[in-house]
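Structure first, then comments.
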There are 2 protein chains.
Amino acid sequence: METPDADRDVVEGQQPPSARVPLSRDRILEAALTYIESDGLPGLSMRRLGAVLGVEAMSLYRYVEGREVLLDGVVESMVASMEFDPDVLQEPENGWQDFLQRLAHGIRRVALAHPKAFPLVASRPTEAPWLRPPLRSLRWVEYFLAGLTQEGFSDTAAVRAYRAFTSFLLGHLLLEVTMLGADLGPLDVIEEDDDASTADYPTAHRMRHALRENHAAAEFEEALEELMNRLALIRSES
Amino acid sequence: METPDADRDVVEGQQPPSARVPLSRDRILEAALTYIESDGLPGLSMRRLGAVLGVEAMSLYRYVEGREVLLDGVVESMVASMEFDPDVLQEPENGWQDFLQRLAHGIRRVALAHPKAFPLVASRPTEAPWLRPPLRSLRWVEYFLAGLTQEGFSDTAAVRAYRAFTSFLLGHLLLEVTMLGADLGPLDVIEEDDDASTADYPTAHRMRHALRENHAAAEFEEALEELMNRLALIRSES
DNA sequence: ACCTGAACACCGTTCAAGT
DNA sequence: ACCTGAACACCGTTCAAGT
């Protein structure tokens, strides 16, 4: 197995500083995101990120205050990327179900586009405890609540919907990207002990093929549909 | 603000080695768990963990193969701790709803007992992609599937229930402990910018009080009830 | 058998110095 | 204005050496 990583830093690093694209916060965040996606979060260090950008680690501190802030920035940029998704960002026109479904699919697209980085969206502490992942910004919370209000949700119904919607998304997407990330992960994984491992567990053994099937997309749709029914109840009740 | 941490290592460290409780894998895992719970995961290093146990970091490598394995062990011990919960571990007697509810509550108790460490249960890669958090072990998956089978679930219905059950738990519990962890977190947190922060977001501003309320327990029960209804459908359908 | 000291390679971060 | 070299305190981990 070759190590094609070795010359990646050179690609940018070999040009003299004057000829390089100047550093910027956005360029750093973008590089960090693609680094995480290709090499995993644990491998990301300020020094290696600097190398990718053809610069010493210390230069990064001109643009980001430190590693923690860098990761917060990466999360923020992922969440913000939905703002340019034309399918997501439009007021409700075809009812609140359509509104929420477009939003849910938009977030799912972001998660699937960045399976290795998405767990950060799920687990980094938010600015306030009521800014729940994966919506994490006041901006998106406002968008969510305003949309539902406009569609006839009372204040308490909208807040209940917000809570139900976020836990739904978090559970489904985190599990989906975890399964993806594991598959895309280190390739030296133990290959398919399949039957052997489940030998002592008869029920799991019997269902081992069904357990391995991946119906993530269909499950997501189904559970989303179910959530909509629940929200319809909440809407009419409170 | 004082630093009461300073003498904690001494408490164990001051006794001569001969008088100390001998090191063991379990003792190390337990110390790691309480360390995470009191100081947070980022603060946990092999060196500091050694100090807590009155020992040099290098000694730990006799019992755990490295830091990654240590964290896996902590997760494993949390998941395994449910096996000693008498309310959880008994075959279904009062129907599958009761069976699943006891299991769900048991996992929730573990999560709430270790809010800072539980995110590890959610995000550490499992041994196989179909061993879904927060059930993570073949043991628990077998327990789950066997229980449902015994209660009249077909194989495909049991597997579908397994998927729905795990994403439900993951979403709810991760959000719940994240909110807890944030509150228990560093106390130098910015205190209550309350109204100020939401000023530019009228809907969120209007609902700011409702948004701050914590109904985690009630929401959990409600969503669990809803899940049961969905599983009843799955049971009768497939 | 169990623990340690010294060492290595790697971190995040600061700051005075270079251009 | 922007980047770097050198330095500091801290990591995980290995291994020969101590008791």
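Convention: chains lettered A, B, ... in structure tokens order; per-chain residue numbering from 1; ligands numbered from 1 as shown.
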**Prompt:** Would you list which chain B residues are within 12 Å of chain D using only C-alpha atoms (C1' of nucleotides), as JSON, numbers by chain?
**Reply:** {"B": [17, 18, 42, 43, 44, 45, 46, 47, 48, 57, 58, 59, 60, 61, 65, 66, 67, 68]}
Grab the residues selected above and save them as an mmCIF file, in the first residue's frame with N, CA, C and O atoms.
```cif
data_model
loop_
_atom_site.group_PDB
_atom_site.id
_atom_site.type_symbol
_atom_site.label_atom_id
_atom_site.label_comp_id
_atom_site.auth_asym_id
_atom_site.auth_seq_id
_atom_site.Cartn_x
_atom_site.Cartn_y
_atom_site.Cartn_z
ATOM 1 N N PRO B 17 4.518 2.863 47.476
ATOM 2 C CA PRO B 17 3.962 1.920 46.508
ATOM 3 C C PRO B 17 3.467 0.628 47.151
ATOM 4 O O PRO B 17 2.431 0.093 46.782
ATOM 5 N N SER B 18 4.200 0.164 48.138
ATOM 6 C CA SER B 18 3.841 -1.115 48.732
ATOM 7 C C SER B 18 2.473 -1.075 49.409
ATOM 8 O O SER B 18 1.765 -2.064 49.464
ATOM 9 N N PRO B 42 -11.109 16.111 27.227
ATOM 10 C CA PRO B 42 -9.878 16.684 26.687
ATOM 11 C C PRO B 42 -8.737 16.713 27.702
ATOM 12 O O PRO B 42 -7.574 16.657 27.343
ATOM 13 N N GLY B 43 -9.094 16.809 29.002
ATOM 14 C CA GLY B 43 -8.060 16.885 30.025
ATOM 15 C C GLY B 43 -7.424 15.559 30.366
ATOM 16 O O GLY B 43 -6.415 15.511 31.073
ATOM 17 N N LEU B 44 -8.008 14.481 29.854
ATOM 18 C CA LEU B 44 -7.501 13.160 30.227
ATOM 19 C C LEU B 44 -6.258 12.790 29.440
ATOM 20 O O LEU B 44 -6.314 12.610 28.232
ATOM 21 N N SER B 45 -5.150 12.680 30.106
ATOM 22 C CA SER B 45 -3.929 12.192 29.454
ATOM 23 C C SER B 45 -3.393 11.011 30.251
ATOM 24 O O SER B 45 -3.702 10.838 31.428
ATOM 25 N N MET B 46 -2.607 10.213 29.600
ATOM 26 C CA MET B 46 -2.037 9.047 30.273
ATOM 27 C C MET B 46 -1.232 9.497 31.491
ATOM 28 O O MET B 46 -1.252 8.851 32.549
ATOM 29 N N ARG B 47 -0.555 10.596 31.359
ATOM 30 C CA ARG B 47 0.283 11.074 32.456
ATOM 31 C C ARG B 47 -0.550 11.521 33.643
ATOM 32 O O ARG B 47 -0.257 11.203 34.802
ATOM 33 N N ARG B 48 -1.627 12.265 33.339
ATOM 34 C CA ARG B 48 -2.469 12.729 34.442
ATOM 35 C C ARG B 48 -3.221 11.572 35.086
ATOM 36 O O ARG B 48 -3.409 11.543 36.303
ATOM 37 N N ALA B 57 2.951 7.393 34.198
ATOM 38 C CA ALA B 57 2.118 7.060 33.039
ATOM 39 C C ALA B 57 2.507 5.713 32.424
ATOM 40 O O ALA B 57 1.649 4.935 32.010
ATOM 41 N N MET B 58 3.796 5.446 32.425
ATOM 42 C CA MET B 58 4.279 4.258 31.728
ATOM 43 C C MET B 58 3.728 2.961 32.336
ATOM 44 O O MET B 58 3.572 1.953 31.649
ATOM 45 N N SER B 59 3.425 3.011 33.599
ATOM 46 C CA SER B 59 2.907 1.814 34.268
ATOM 47 C C SER B 59 1.568 1.369 33.689
ATOM 48 O O SER B 59 1.231 0.187 33.708
ATOM 49 N N LEU B 60 0.812 2.336 33.187
ATOM 50 C CA LEU B 60 -0.522 2.003 32.683
ATOM 51 C C LEU B 60 -0.445 1.052 31.499
ATOM 52 O O LEU B 60 -1.363 0.254 31.279
ATOM 53 N N TYR B 61 0.654 1.110 30.773
ATOM 54 C CA TYR B 61 0.758 0.308 29.554
ATOM 55 C C TYR B 61 0.874 -1.185 29.839
ATOM 56 O O TYR B 61 0.772 -1.998 28.929
ATOM 57 N N GLU B 65 -3.443 -1.142 26.318
ATOM 58 C CA GLU B 65 -2.484 -1.110 25.226
ATOM 59 C C GLU B 65 -2.181 0.302 24.727
ATOM 60 O O GLU B 65 -1.268 0.504 23.942
ATOM 61 N N GLY B 66 -2.953 1.269 25.161
ATOM 62 C CA GLY B 66 -2.717 2.637 24.711
ATOM 63 C C GLY B 66 -3.935 3.476 24.996
ATOM 64 O O GLY B 66 -4.937 2.995 25.538
ATOM 65 N N ARG B 67 -3.874 4.729 24.618
ATOM 66 C CA ARG B 67 -4.961 5.639 24.961
ATOM 67 C C ARG B 67 -6.265 5.271 24.269
ATOM 68 O O ARG B 67 -7.336 5.304 24.865
ATOM 69 N N GLU B 68 -6.183 4.916 22.988
ATOM 70 C CA GLU B 68 -7.393 4.552 22.251
ATOM 71 C C GLU B 68 -8.089 3.360 22.905
ATOM 72 O O GLU B 68 -9.295 3.359 23.121
#
```
**Request:** Select residues of chain A: the criterion is any atom within 8 Å of an atom of chain B, counting only C-alpha atoms; output as a ChimeraX atom specification.
**Result:** /A:119,123,125,129-130,132-133,138-139,141-142,145-146,155-156,159,166-172,175,178-179,182-183,198,201-204,207,210-212,226,230
Next, the residues of the selection above should be written as an mmCIF file, in the first residue's frame with C-alpha atoms.
```cif
data_model
loop_
_atom_site.group_PDB
_atom_site.id
_atom_site.type_symbol
_atom_site.label_atom_id
_atom_site.label_comp_id
_atom_site.auth_asym_id
_atom_site.auth_seq_id
_atom_site.Cartn_x
_atom_site.Cartn_y
_atom_site.Cartn_z
ATOM 1 C CA PRO A 119 -19.879 14.037 14.254
ATOM 2 C CA SER A 123 -21.018 16.654 19.600
ATOM 3 C CA PRO A 125 -20.987 22.085 22.611
ATOM 4 C CA PRO A 129 -27.865 24.656 25.572
ATOM 5 C CA TRP A 130 -31.096 25.361 23.734
ATOM 6 C CA ARG A 132 -29.540 22.078 19.664
ATOM 7 C CA PRO A 133 -27.479 20.243 17.078
ATOM 8 C CA LEU A 138 -29.608 31.176 16.236
ATOM 9 C CA ARG A 139 -30.004 31.807 12.566
ATOM 10 C CA VAL A 141 -33.405 28.137 14.912
ATOM 11 C CA GLU A 142 -35.058 31.394 13.937
ATOM 12 C CA LEU A 145 -39.450 28.601 14.369
ATOM 13 C CA ALA A 146 -40.512 31.417 12.078
ATOM 14 C CA ASP A 155 -45.366 29.088 20.177
ATOM 15 C CA THR A 156 -45.366 26.052 22.415
ATOM 16 C CA VAL A 159 -40.820 24.706 20.394
ATOM 17 C CA THR A 166 -33.525 17.961 16.257
ATOM 18 C CA SER A 167 -33.371 14.708 18.192
ATOM 19 C CA PHE A 168 -34.761 12.894 15.193
ATOM 20 C CA LEU A 169 -32.115 14.317 12.880
ATOM 21 C CA LEU A 170 -29.284 13.852 15.319
ATOM 22 C CA GLY A 171 -29.979 10.193 15.939
ATOM 23 C CA HIS A 172 -30.501 9.249 12.333
ATOM 24 C CA LEU A 175 -25.795 6.696 12.984
ATOM 25 C CA THR A 178 -20.902 6.564 11.654
ATOM 26 C CA MET A 179 -21.653 3.548 9.513
ATOM 27 C CA ALA A 182 -16.450 3.120 9.559
ATOM 28 C CA ASP A 183 -16.589 1.804 6.017
ATOM 29 C CA THR A 198 -21.875 -14.181 15.899
ATOM 30 C CA TYR A 201 -25.317 -15.383 19.714
ATOM 31 C CA PRO A 202 -27.936 -17.450 17.947
ATOM 32 C CA THR A 203 -30.510 -14.760 17.245
ATOM 33 C CA ALA A 204 -28.001 -12.237 15.961
ATOM 34 C CA MET A 207 -30.339 -12.348 11.412
ATOM 35 C CA ALA A 210 -30.544 -8.671 7.513
ATOM 36 C CA LEU A 211 -28.441 -6.793 10.069
ATOM 37 C CA ARG A 212 -25.790 -6.009 7.496
ATOM 38 C CA GLU A 226 -43.599 9.301 11.112
ATOM 39 C CA ARG A 230 -46.346 13.341 15.344
#
```
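CA of Arg136 (chain A) lies 17.0 Å from CA of Ala199 (chain B).
The two atoms in question, CA of Leu33 (chain A) and CA of Val74 (chain A), are spaced 6.3 Å apart.
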